[in-house]
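Encoded as structure tokens, the structure appears first; notes follow it.
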2 protein chains.
Amino acid sequence: MIQVAVMGHGVVGGGVTEILLKHAEQIAKKLGEEVYIKKVLDLRDFPDSPIADRFTKDFNDIISDDEIDIVVEVMGGLKPAYDFVKQSLSAGKSVVTSNKELVAAKGAELLAIAEEKNVNFLFEASVGGAIPIIRPLHQCLAANEIEKINGILNGTTNFILNKMINDNMAFEEALALAQEKGYAERNPAADIEGHDACRKICILAALVYGTHVYPENVHTEGITKVTLKDVEYAQAWGGAVKLIASARKNGDKQEIIVAPMFVSSDCQLSNVDGVYNELLVRGDSSGTIGFYGRGAGKLPTASAVVADVMDCVLHKDKRRNIIWKDGDGSNVLPYETYVNAMYVLANGDDSSAAFAKANEIFGECERIAMNGAEDGELAFVTPELSFADFTAKCGEFAKSADVKSTMRVAKI
Amino acid sequence: MIQVAVMGHGVVGGGVTEILLKHAEQIAKKLGEEVYIKKVLDLRDFPDSPIADRFTKDFNDIISDDEIDIVVEVMGGLKPAYDFVKQSLSAGKSVVTSNKELVAAKGAELLAIAEEKNVNFLFEASVGGAIPIIRPLHQCLAANEIEKINGILNGTTNFILNKMINDNMAFEEALALAQEKGYAERNPAADIEGHDACRKICILAALVYGTHVYPENVHTEGITKVTLKDVEYAQAWGGAVKLIASARKNGDKQEIIVAPMFVSSDCQLSNVDGVYNELLVRGDSSGTIGFYGRGAGKLPTASAVVADVMDCVLHKDKRRNIIWKDGDGSNVLPYETYVNAMYVLANGDDSSAAFAKANEIFGECERIAMNGAEDGELAFVTPELSFADFTAKCGEFAKSADVKSTMRVAKI
């Protein structure tokens, strides 16, 4: 029998205990031994839980219990999760977490402790909810050099953008609907400002390229400035606006960014609907591989946590060799150097004259025609150029037209 | 140092040696020890290979070499692969294979030998080429009860159907193009008759539901009877014709089938292009999860083989607990009992009268309107009914109209 403690009995934590209890027999059969929930840590009371007698409000009941081999951390946030996880690993307990904030902020340090203590620190649920991503990336693509990863890693923003695309809703209206449906938090900043997607791409980039990436070193734009008009022009161009989290190898360093981008309808990512996530990974041998599914939600996330718990049991004596070294940000190239084609929406007195000017400044651009465009309105896509170059040229172009909006065209 | 033998130096085998040599350093770093190709078995000579001196034509050089821990079987077919793999496992060597025919025909027996000898028998590359499917299904979804799996598991037929859809090519023309591009074999029967997809769904169903499924127990229809008109009507209906391999839980048994089906454009599978594959898996906790990528090809398949080899090295002392019991076909429900809506294309003197008859016989049907339909032509989709029921009713309907074509509507 393996004894586990679950820290946190919120949405995900409740799902973890639910699955461990409901599938107890099936899990025991697969593992050859029972997984027993010894303690659940939460400051609240849950008198109606079938295991109400195993709840505690005191972390000491877990850390001092030598029978507990695996600690599940599903509290979220850094305080007190970081301290509790560090203590647990240091005490020789394996830790499973769904906490992307924790892994993105402290992954390198916690993995080093896990290595030193020869225990597991697993976090499949921190990226992509139920979608197996961490393990396939680490294991199945072991024989590949990963050229790039691109994904839709935040379901809330994808839901909002989808409502804008399909139902012509304005951003604020779509956000309100997402909140009403429980997809977005009352304080939605982490989602709509791109921070959530940023933490996830940081974790994936660290896993793939071996160096910790801190979110503050990654240029991150949310979707708050995306207008209905941008979304319509993306459709007219032949694609969709998506919040893309991207990491790509460039020599010994990486280009990592989170931003709303035009995605061509040829690309699988343009078809990802609602609160779903998809990650595309390009390996030198494997070609492009995609992982798709619900990126959040009680049971999807909890099922990934439970799978990690089971993996800990199977790898009691031989820890998973997931490890990356700490980073100082020098492995992340400055975002001004990343090369993309750029979408530009502008207004001028004479759109044809403005387009001629655009071609003169940016090189040959692709004009986007759209039914219902206003007089003097001009939308186009530039040739590929660095962001620094674009910013300079756009400043020059702004002398002849009023630039309303710009966005990267994704290179996936 | 781990010594391996590679049996077969064809397309996939050549890719395996190429990756093992090219990524030798990276692989050694990840494993903590070197993977050394001790022998390559092939009846042909390869004097230009950088490891030409390690080729042999004699299997005894492998089976009698105690230093060889892992045998890679990439010959394909059953003879002599089955005998060689069985001998290798019996001799206590782990085996990695990409041979779906072998796993579908002999998986239960070979897994039992592997268990007895405490070695690994891994076959990630047998389904979906480079796409990690076997391992995520087995591991990451361990905490789920799998309700159903549906996939496009054969790239050749998907390429052909795509050419019919996008370029209005007739089946024969698209097949010729697939052969020209090297996607289809000169004898394309295994692909276009659905046998290849059938072997793969048999392997996945065995893995998920625990009982070996022999291909001969699975109702399998290929795409040879799919006409351009069917493809056009599928589009008019709002979807696409795809060759779907499907397994779903029904009580203690399974419904397993391979057939061309109408797939709604809402479904990810309708968007899978060219030679790509995608598998959708529905777990009770995870919801639907998708795995997407190139299902065949030299390096994609070889990279999955190499990842399995690396997994064998990491699990030398603790074998993966992949196992399923032998089956007698009684776990596969008769396909006549599977319930689907059905597409019907018919010709009559008066299509409206024929449609009235259809509604009378099948219940309320959905008529598919299409520009350019011929006089008297009628296409419709029935309500859901068992295939046996459909066959009987269709016989009755055929008295009032000439039934040209029928096809299942996928339930994914």
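We label chains A, B, ... in the order they appear in the structure tokens, count residues from 1 in each chain, and number ligands from 1 in the order shown.
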With the cut-off set at 8 Å and counting only C-alpha atoms, tabulate each residue of chain B with an atom at most that distance from an atom of chain A, showing the nearest atom pair and its distance in Å to one decimal, ordered by chain and increasing number, as CSV.
residue,atom,partner,partner_atom,distance
B:Ile19,CA,A:Ala143,CA,7.2
B:His23,CA,A:Ala143,CA,7.1
B:Ile27,CA,A:Ala143,CA,6.9
B:Lys30,CA,A:Ala142,CA,7.9
B:Ala130,CA,A:Ser286,CA,5.2
B:Ile131,CA,A:Ile289,CA,6.1
B:Pro132,CA,A:Cys140,CA,6.1
B:Arg135,CA,A:Pro136,CA,7.9
B:Pro136,CA,A:Pro132,CA,6.4
B:Gln139,CA,A:Ala307,CA,6.8
B:Cys140,CA,A:Ala307,CA,5.2
B:Leu141,CA,A:Ala307,CA,6.6
B:Ala142,CA,A:Ala307,CA,5.7
B:Ala143,CA,A:Ala307,CA,5.5
B:Asn144,CA,A:Ser303,CA,6.8
B:Gln268,CA,A:Asn271,CA,7.6
B:Asn271,CA,A:Gln268,CA,7.6
B:Ser285,CA,A:Leu299,CA,4.9
B:Ser286,CA,A:Pro300,CA,3.9
B:Gly287,CA,A:Pro300,CA,6.4
B:Thr288,CA,A:Gly293,CA,5.8
B:Ile289,CA,A:Gly293,CA,4.3
B:Gly290,CA,A:Tyr292,CA,4.5
B:Phe291,CA,A:Phe291,CA,4.9
B:Tyr292,CA,A:Gly290,CA,4.5
B:Gly293,CA,A:Ile289,CA,4.3
B:Arg294,CA,A:Gly287,CA,6.9
B:Leu299,CA,A:Ser285,CA,4.9
B:Pro300,CA,A:Ser286,CA,3.9
B:Thr301,CA,A:Ser286,CA,7.3
B:Ala302,CA,A:Ser285,CA,7.8
B:Ser303,CA,A:Ala143,CA,5.6
B:Ala304,CA,A:Cys140,CA,6.6
B:Val306,CA,A:Ala143,CA,6.0
B:Ala307,CA,A:Cys140,CA,5.2
B:Asp308,CA,A:Cys140,CA,7.5
B:Met310,CA,A:Ala142,CA,7.8
B:Asp311,CA,A:Gln139,CA,7.6
Next on the checklist: With only C-alpha atoms as the counted atoms, please give the residues lying no more than 8 Å from Phe123 in chain B, apart from itself and same-chain residues fewer than 6 positions off, as a ChimeraX atom specification.
Outcome noted: /B:96-99,103,134,305,308
Checklist outcome for this item: The distance between CA of Trp324 in chain A and CA of Ala247 in chain A is 16.0 Å
Item to check | Spatial neighbours of Pro80 in chain A, max dist 12 Å, only C-alpha atoms, sep filter under 4 positions, as a PyMOL selection string | outcome: chain A and resi 7-8+41-42+59+73-76+84-87+99+102
Store the residues picked out above in a file with all heavy atoms, as a compact mmCIF listing (two decimals), in the first residue's frame.
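Below you can see result_25.txt, which holds the result:
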# COMPACT_ATOMS: atom_id res chain seq x y z
N MET A 7 -2.63 17.95 -0.77
CA MET A 7 -2.65 19.30 -0.19
C MET A 7 -3.52 20.19 -1.05
O MET A 7 -3.17 20.52 -2.18
CB MET A 7 -1.24 19.86 -0.11
CG MET A 7 -0.27 18.96 0.67
SD MET A 7 1.25 19.80 1.18
CE MET A 7 1.98 20.21 -0.40
N GLY A 8 -4.69 20.57 -0.50
CA GLY A 8 -5.64 21.40 -1.24
C GLY A 8 -6.85 20.59 -1.63
O GLY A 8 -6.73 19.53 -2.24
N LEU A 41 -5.06 18.05 3.17
CA LEU A 41 -4.78 19.31 3.85
C LEU A 41 -5.65 20.42 3.28
O LEU A 41 -5.62 20.69 2.07
CB LEU A 41 -3.31 19.67 3.66
CG LEU A 41 -2.84 21.00 4.27
CD1 LEU A 41 -2.78 20.88 5.80
CD2 LEU A 41 -1.47 21.40 3.72
N ASP A 42 -6.46 21.04 4.14
CA ASP A 42 -7.22 22.21 3.71
C ASP A 42 -7.63 22.97 4.95
O ASP A 42 -7.89 22.37 6.00
CB ASP A 42 -8.46 21.81 2.88
CG ASP A 42 -8.89 22.94 1.94
OD1 ASP A 42 -9.34 23.99 2.45
OD2 ASP A 42 -8.76 22.78 0.71
N PHE A 59 0.01 21.19 8.23
CA PHE A 59 0.98 20.56 7.33
C PHE A 59 1.92 19.61 8.07
O PHE A 59 2.43 18.64 7.49
CB PHE A 59 1.78 21.65 6.61
CG PHE A 59 2.90 21.13 5.75
CD1 PHE A 59 2.65 20.34 4.63
CD2 PHE A 59 4.22 21.43 6.06
CE1 PHE A 59 3.69 19.85 3.84
CE2 PHE A 59 5.27 20.95 5.27
CZ PHE A 59 4.99 20.16 4.17
N GLU A 73 0.35 18.25 -4.53
CA GLU A 73 0.14 19.69 -4.23
C GLU A 73 -0.79 20.26 -5.28
O GLU A 73 -0.42 20.39 -6.45
CB GLU A 73 1.48 20.41 -4.21
CG GLU A 73 1.38 21.86 -3.79
CD GLU A 73 0.98 22.80 -4.91
OE1 GLU A 73 1.72 22.87 -5.90
OE2 GLU A 73 -0.09 23.46 -4.79
N VAL A 74 -2.01 20.59 -4.86
CA VAL A 74 -3.00 21.15 -5.78
C VAL A 74 -3.64 22.39 -5.14
O VAL A 74 -4.83 22.63 -5.30
CB VAL A 74 -4.07 20.10 -6.18
CG1 VAL A 74 -3.56 19.18 -7.26
CG2 VAL A 74 -4.51 19.26 -4.96
N MET A 75 -2.78 23.13 -4.42
CA MET A 75 -3.27 24.36 -3.77
C MET A 75 -3.21 25.54 -4.73
O MET A 75 -4.04 26.44 -4.68
CB MET A 75 -2.40 24.67 -2.55
CG MET A 75 -2.48 23.61 -1.47
SD MET A 75 -1.53 24.08 0.00
CE MET A 75 0.13 23.80 -0.58
N GLY A 76 -2.20 25.55 -5.59
CA GLY A 76 -2.00 26.69 -6.48
C GLY A 76 -1.26 27.81 -5.77
O GLY A 76 -1.18 27.84 -4.52
N PHE A 84 5.88 24.18 1.26
CA PHE A 84 5.41 22.83 1.57
C PHE A 84 6.04 21.81 0.62
O PHE A 84 6.43 20.71 1.02
CB PHE A 84 3.88 22.76 1.46
CG PHE A 84 3.13 23.46 2.58
CD1 PHE A 84 3.82 24.11 3.60
CD2 PHE A 84 1.74 23.44 2.62
CE1 PHE A 84 3.14 24.75 4.63
CE2 PHE A 84 1.05 24.07 3.66
CZ PHE A 84 1.75 24.73 4.65
N VAL A 85 6.13 22.17 -0.66
CA VAL A 85 6.70 21.23 -1.64
C VAL A 85 8.19 21.03 -1.37
O VAL A 85 8.70 19.90 -1.39
CB VAL A 85 6.46 21.74 -3.08
CG1 VAL A 85 7.32 20.98 -4.08
CG2 VAL A 85 4.98 21.63 -3.43
N LYS A 86 8.88 22.12 -1.08
CA LYS A 86 10.32 22.05 -0.80
C LYS A 86 10.58 21.17 0.43
O LYS A 86 11.44 20.29 0.40
CB LYS A 86 10.83 23.47 -0.56
CG LYS A 86 12.32 23.61 -0.67
CD LYS A 86 12.68 25.09 -0.67
CE LYS A 86 14.16 25.28 -0.32
NZ LYS A 86 14.54 26.70 -0.37
N GLN A 87 9.79 21.39 1.45
CA GLN A 87 9.94 20.57 2.66
C GLN A 87 9.65 19.09 2.37
O GLN A 87 10.33 18.21 2.87
CB GLN A 87 8.99 21.05 3.75
CG GLN A 87 9.44 22.33 4.46
CD GLN A 87 8.62 22.54 5.74
OE1 GLN A 87 8.52 21.64 6.58
NE2 GLN A 87 8.03 23.71 5.88
N ASN A 99 0.56 22.77 -10.30
CA ASN A 99 0.75 24.20 -10.05
C ASN A 99 1.77 24.81 -11.02
O ASN A 99 2.97 24.78 -10.77
CB ASN A 99 1.19 24.36 -8.59
CG ASN A 99 1.24 25.79 -8.14
OD1 ASN A 99 1.36 26.71 -8.95
ND2 ASN A 99 1.16 25.98 -6.83
N LEU A 102 4.08 27.55 -9.66
CA LEU A 102 5.18 27.01 -8.86
C LEU A 102 6.30 26.46 -9.75
O LEU A 102 7.48 26.75 -9.53
CB LEU A 102 4.64 25.89 -7.95
CG LEU A 102 5.68 25.14 -7.11
CD1 LEU A 102 6.30 26.07 -6.07
CD2 LEU A 102 5.05 23.93 -6.43
Item to check | Residue set, range 111-356 of chain B restricted to strand (DSSP E or B), as a PyMOL selection string | outcome: chain B and resi 121-122+146-152+211+219-220+239-250+253-264+276-283+287-294+325+332+339-340+342-347
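Excluding Ile203 in chain A and any residue on its chain fewer than 4 positions from it, the residues at most 10 Å away by only C-alpha atoms are A:Lys100, A:Glu101, A:Val103, A:Ala104, A:Ala105, A:Gly107, A:Ala108, A:Phe123, A:Ser126, A:Val127, A:Ile134, A:Cys198, A:Arg199, A:Leu207, A:Val208, A:Thr211, A:His212, A:Val213, A:Tyr214, A:Pro215.
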Expected file: the selected residues, N, CA, C and O atoms, as an mmCIF file, in the first residue's frame:
data_model
loop_
_atom_site.group_PDB
_atom_site.id
_atom_site.type_symbol
_atom_site.label_atom_id
_atom_site.label_comp_id
_atom_site.auth_asym_id
_atom_site.auth_seq_id
_atom_site.Cartn_x
_atom_site.Cartn_y
_atom_site.Cartn_z
ATOM 1 N N LYS A 100 1.269 25.384 -12.109
ATOM 2 C CA LYS A 100 2.182 25.914 -13.139
ATOM 3 C C LYS A 100 2.957 27.121 -12.649
ATOM 4 O O LYS A 100 4.095 27.339 -13.045
ATOM 5 N N GLU A 101 2.338 27.901 -11.756
ATOM 6 C CA GLU A 101 3.036 29.064 -11.219
ATOM 7 C C GLU A 101 4.273 28.601 -10.440
ATOM 8 O O GLU A 101 5.369 29.151 -10.602
ATOM 9 N N VAL A 103 5.916 25.663 -10.757
ATOM 10 C CA VAL A 103 6.938 25.035 -11.599
ATOM 11 C C VAL A 103 7.677 26.098 -12.420
ATOM 12 O O VAL A 103 8.897 26.040 -12.586
ATOM 13 N N ALA A 104 6.911 27.100 -12.917
ATOM 14 C CA ALA A 104 7.554 28.138 -13.722
ATOM 15 C C ALA A 104 8.483 29.003 -12.879
ATOM 16 O O ALA A 104 9.506 29.482 -13.354
ATOM 17 N N ALA A 105 8.143 29.187 -11.597
ATOM 18 C CA ALA A 105 8.970 30.060 -10.756
ATOM 19 C C ALA A 105 10.107 29.311 -10.084
ATOM 20 O O ALA A 105 11.192 29.851 -9.881
ATOM 21 N N GLY A 107 10.899 25.663 -10.646
ATOM 22 C CA GLY A 107 11.123 24.317 -11.180
ATOM 23 C C GLY A 107 12.553 23.830 -11.035
ATOM 24 O O GLY A 107 12.794 22.713 -10.543
ATOM 25 N N ALA A 108 13.522 24.637 -11.467
ATOM 26 C CA ALA A 108 14.917 24.189 -11.458
ATOM 27 C C ALA A 108 15.349 23.813 -10.046
ATOM 28 O O ALA A 108 15.960 22.762 -9.819
ATOM 29 N N PHE A 123 4.832 16.931 -12.836
ATOM 30 C CA PHE A 123 3.933 18.087 -13.001
ATOM 31 C C PHE A 123 3.203 18.057 -14.339
ATOM 32 O O PHE A 123 2.973 19.090 -14.956
ATOM 33 N N SER A 126 0.398 20.462 -14.924
ATOM 34 C CA SER A 126 0.633 21.909 -14.922
ATOM 35 C C SER A 126 0.503 22.512 -16.317
ATOM 36 O O SER A 126 0.317 23.712 -16.465
ATOM 37 N N VAL A 127 0.611 21.689 -17.348
ATOM 38 C CA VAL A 127 0.471 22.175 -18.725
ATOM 39 C C VAL A 127 -0.552 21.317 -19.455
ATOM 40 O O VAL A 127 -0.408 20.101 -19.520
ATOM 41 N N ILE A 134 3.891 16.660 -21.027
ATOM 42 C CA ILE A 134 5.218 16.630 -20.399
ATOM 43 C C ILE A 134 5.897 15.285 -20.651
ATOM 44 O O ILE A 134 7.040 15.226 -21.090
ATOM 45 N N CYS A 198 2.079 31.996 -20.638
ATOM 46 C CA CYS A 198 3.515 32.231 -20.516
ATOM 47 C C CYS A 198 4.155 31.234 -19.552
ATOM 48 O O CYS A 198 5.195 30.648 -19.845
ATOM 49 N N ARG A 199 3.531 31.021 -18.394
ATOM 50 C CA ARG A 199 4.094 30.048 -17.438
ATOM 51 C C ARG A 199 4.219 28.676 -18.085
ATOM 52 O O ARG A 199 5.192 27.958 -17.883
ATOM 53 N N LEU A 207 11.867 22.174 -20.209
ATOM 54 C CA LEU A 207 11.911 20.721 -20.367
ATOM 55 C C LEU A 207 12.637 20.342 -21.645
ATOM 56 O O LEU A 207 13.475 19.432 -21.679
ATOM 57 N N VAL A 208 12.329 21.051 -22.727
ATOM 58 C CA VAL A 208 12.857 20.694 -24.040
ATOM 59 C C VAL A 208 14.302 21.172 -24.216
ATOM 60 O O VAL A 208 15.137 20.455 -24.755
ATOM 61 N N THR A 211 17.121 24.452 -19.873
ATOM 62 C CA THR A 211 17.457 25.599 -19.016
ATOM 63 C C THR A 211 16.172 26.256 -18.529
ATOM 64 O O THR A 211 15.264 26.500 -19.330
ATOM 65 N N HIS A 212 16.109 26.549 -17.240
ATOM 66 C CA HIS A 212 14.909 27.177 -16.694
ATOM 67 C C HIS A 212 14.645 28.508 -17.379
ATOM 68 O O HIS A 212 15.563 29.276 -17.635
ATOM 69 N N VAL A 213 13.386 28.757 -17.682
ATOM 70 C CA VAL A 213 12.994 30.037 -18.275
ATOM 71 C C VAL A 213 12.031 30.718 -17.308
ATOM 72 O O VAL A 213 10.973 30.157 -16.979
ATOM 73 N N TYR A 214 12.395 31.895 -16.837
ATOM 74 C CA TYR A 214 11.515 32.626 -15.925
ATOM 75 C C TYR A 214 10.536 33.462 -16.736
ATOM 76 O O TYR A 214 10.928 34.106 -17.717
ATOM 77 N N PRO A 215 9.259 33.453 -16.327
ATOM 78 C CA PRO A 215 8.229 34.176 -17.087
ATOM 79 C C PRO A 215 8.600 35.640 -17.353
ATOM 80 O O PRO A 215 8.278 36.174 -18.413
#
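Compared by their closest atoms to Val71 in chain B, and using only C-alpha atoms, the residues B:Lys57, B:Lys38, B:Lys200, B:Lys393 rank with B:Lys38 nearest.
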Item to check | Among listed residues A:Val72, A:Ala245, A:Ala346, A:Ala197, nearest Val12 in chain A (using only C-alpha atoms) | outcome: A:Val72
Item to check | Residues within 12 Å of Met342 in chain B, only C-alpha atoms, excluding chain neighbours under 6 positions, as a VMD selection string | outcome: chain B and resid 234 260 to 263 358 362 to 363 365 to 367 379 to 391 393 to 394 405 to 411
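Note that CA of Glu116 in chain A and CA of Ile2 in chain B are 25.6 Å apart.
Interatomic distance, CA of Glu216 in chain A to CA of Lys79 in chain A: 18.7 Å.
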Checklist outcome for this item: Counting only C-alpha atoms, closest pick from B:Gly395, B:Leu161, B:Gly155, B:Ser270 relative to Ala184 in chain B is B:Gly155
Next on the checklist: Could you go through range 6-111 of chain A and tell me which residues DSSP, when run on the backbone, assigns to helix (DSSP H, G or I), listing them as a count of residues only?
Outcome noted: 49
